[in-house]
Amino acid sequence: MDRDSEESFELPDDSGDTRNDSRVTQNGLTRSQALNLYVSHAFSTWNARGYEFAAILFTAAAYPDTLVAAALRMIIVYFAMILFSSSVGHWVEHSPNRLRTLLSTIICNRGSVILGSFFWILILSQEDLVEDEATFVLPKNATLKGIGFAIAVTLGIIERLSSSGNLISMERDWVVTVAAPAGQPYDLTHLNAVMRRIDLVCKLISPILISVVISALGSIRLGVIFTGLTSLVCIPIEVFSAKRVWNSSPLLQAPRAVPPPRPTSTETSRSWVTRTRQYFHGFEMYFSTTVWVPSVALALLHFNMLTWRATFVTYLINVGYSLNTITIARAIGSLFEITSTVITPRGIEYMGKTRHHGLSSLDDEGDESGVGLIAGSQEGNRDIETLIGLQRFGLWGMSWQLANTVPVVLALWAIAAHIEQESLSAFARRLIVEQASPNVGWSIVLFSFLAFSRLGVWVFDLTTQQLTQTLVPQTQRSSFAGTEKSVVNIFELLGAGAAIAFPRTEQYKWLATASLVSVVISWVMYAGWVRQQRGHLVHWEKLRQGMCVSGRNW
């Protein structure tokens, strides 16, 4: 391997990393600490996933005859995340006390949900939106309804930003700080997998629970009250769990290494010009790191409209799939997503072992012998294996997603062709009278390969997350994560804009094709980055040797 490509793996020297502090002796987590860490993260993700879904239901109930309010809320939130996510990451990075930072995000998040629930109640209590026998009814007032909606959306933005800050603080600071060296219990790979599993389980169950509560109680307003009370009850549990982890961890209690402030003149420090420069400085830092390509490749996948977002679900309903079919297909896809958190640690370990790549010694990896996954650590060959495993298994995940996205797009084109062959009257009659679903064969192809593709997405997500956690300098991790959130929301916004530009059901095949193109571009970016770093993608000489051996065995 080329020496230049080897040198690209060298990590910056984070002299301020608490792992190198001689006063800190604890290394890794105990089982009790890990459990409390998981509990705190679980309650955060449960509330975030729940309110994300609940806000959609509340908006639809408040404006039942139009999609304008839902689209407007979505676009405003995306723009706010693009503008302010990097500032949230900058704030986390410059906060020396880890506990105070995390608790601030918790209180701000829960407070915004509770206040938001109050305004949703006021909106949904207007007489045109409630039944006659309701006990608390407000007169219809479009102006007050609009003001209340604007406040609710604003609080929703605060909720999203504080949730993002909580995730950045937890994933890019707490977890990286307390993780054990590679190969030991509660190492970074293990912690990432478990916490992502928690997130995906909450993503699956929390919206279902809210739907069940609203259906069982028969009132959207009681659903609002349930959402607010859930956030209120979760505060002491989440705070208590976080404090227990912090109190028992010298690594977390040690003050963070805060980067020095950038020099600015007193006269212009508060001007919008300076703030704009600081905003773009975050992107300058982002694109100066060695892992911006994997990060952008992952963010690009958020343009993909072949996921269970509202536009895709609406399309499936319009072409004749029942809600039961969609729910079952979505649940199966979620199971594959959760499975990715089980196989990823094993896949990283397997693909990181040099013998699985046909290398008889570490001679080819010469300059990597000093690379540590956590900046500043020197864990030797184990860290080399983990780094190789992250890169290669991430490529496997992207390749798996690409291979399974192609049949999904073909199925959507086949379904579109089947619809176009029918006359408008026949199609309307089939929908209204027969309630028949599209072709069974293509439906099986669509939902099967869509579920398979989710496995690759989250494998790539987990490996890229660990690469960005470990190859970005300690003093830039949080700012990098904040800017990364902005990039993600740029592609989310582009996806929403594409759906608005092509709103008709028969046009969705073009959105599916554009999604496939985005996956291809993402794969090319990541594969090119891996080749640049490693000097190759496949050991062709070893592959030829293996084929020759197999031929002789035959």
# chains A, B, ... in the order shown; residues from 1 in each chain; ligands from 1
call {"tool": "residues_around", "arguments": {"residues": "A:Thr341", "least_positions_apart": "5", "cutoff": "10 Å", "atoms": "only C-alpha atoms", "output": "VMD selection string"}}
result
chain A and resid 189 to 190 192 to 198 200 336 346 455 458 to 459 462
call {"tool": "residues_around", "arguments": {"residues": "stretch 113-118 of chain A", "least_positions_apart": "5", "cutoff": "8 Å", "atoms": "only C-alpha atoms", "output": "PyMOL selection string"}}
result
chain A and resi 51+151-152+155-156+159+224-225+227-229+231-232
